[in-house]
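Right, one structure below, let's go through it.
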Amino acid sequence: MVTAIEYRAMALQHHRWAGMCRSPESREEHFRLEKELLARADSEERLHGVRAPEQASNPQQSEMAPVKQVAPAQ
């Protein structure tokens, strides 16, 4: 069973991979997977009634900052 923390770690890795992509389609796919994994992490936290450690220390920032998407260089 995957925990919310593990889902967040996977989302972070997809965010990193998106930053390394040259193809806009590939970049968008990694951003899509990142959002999906973060949603799953949130669901796990709601299901088990716990918050991730980084959120518990700062309840005002329970929402992740939006991802800045950069247009491909032409």
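Letters A, B, ... mark the chains of the structure tokens in the order given; residue numbers begin at 1 per chain; ligand numbers begin at 1, in order shown.
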Discussion item. Just want the 6 Å neighbourhood of A:His14, counted on only C-alpha atoms, with same-chain residues fewer than 3 positions away dropped. Output as JSON, numbers by chain.
Written reply: {"A": [11, 17, 30, 34]}
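Residues in contact with A:Ser43 at up to 10 Å, not including ones fewer than 6 positions away on its chain and judged by only C-alpha atoms, are Ala4, Leu37 and Gly49 of chain A.
Between atom CA of A:Glu36 and atom CA of A:Gln13 there is a distance of 12.8 Å.
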Item to complete: List the neighbours of A:Arg8 out to 10 Å using only C-alpha atoms; skip same-chain residues closer than 6 positions along the sequence, and give me the result as a list in words.
Response: His14, Glu34, Lys35, Leu37, Leu38, Ala39, Arg40, Ala41, Asp42 and Ala52 of chain A
Worksheet item: Separation of atom CA of A:Arg16 and atom CA of A:Arg32, in Å?
Response: 12.8 Å
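Separating atom CA of A:Glu44 from atom CA of A:Thr3 is a distance of 6.9 Å.
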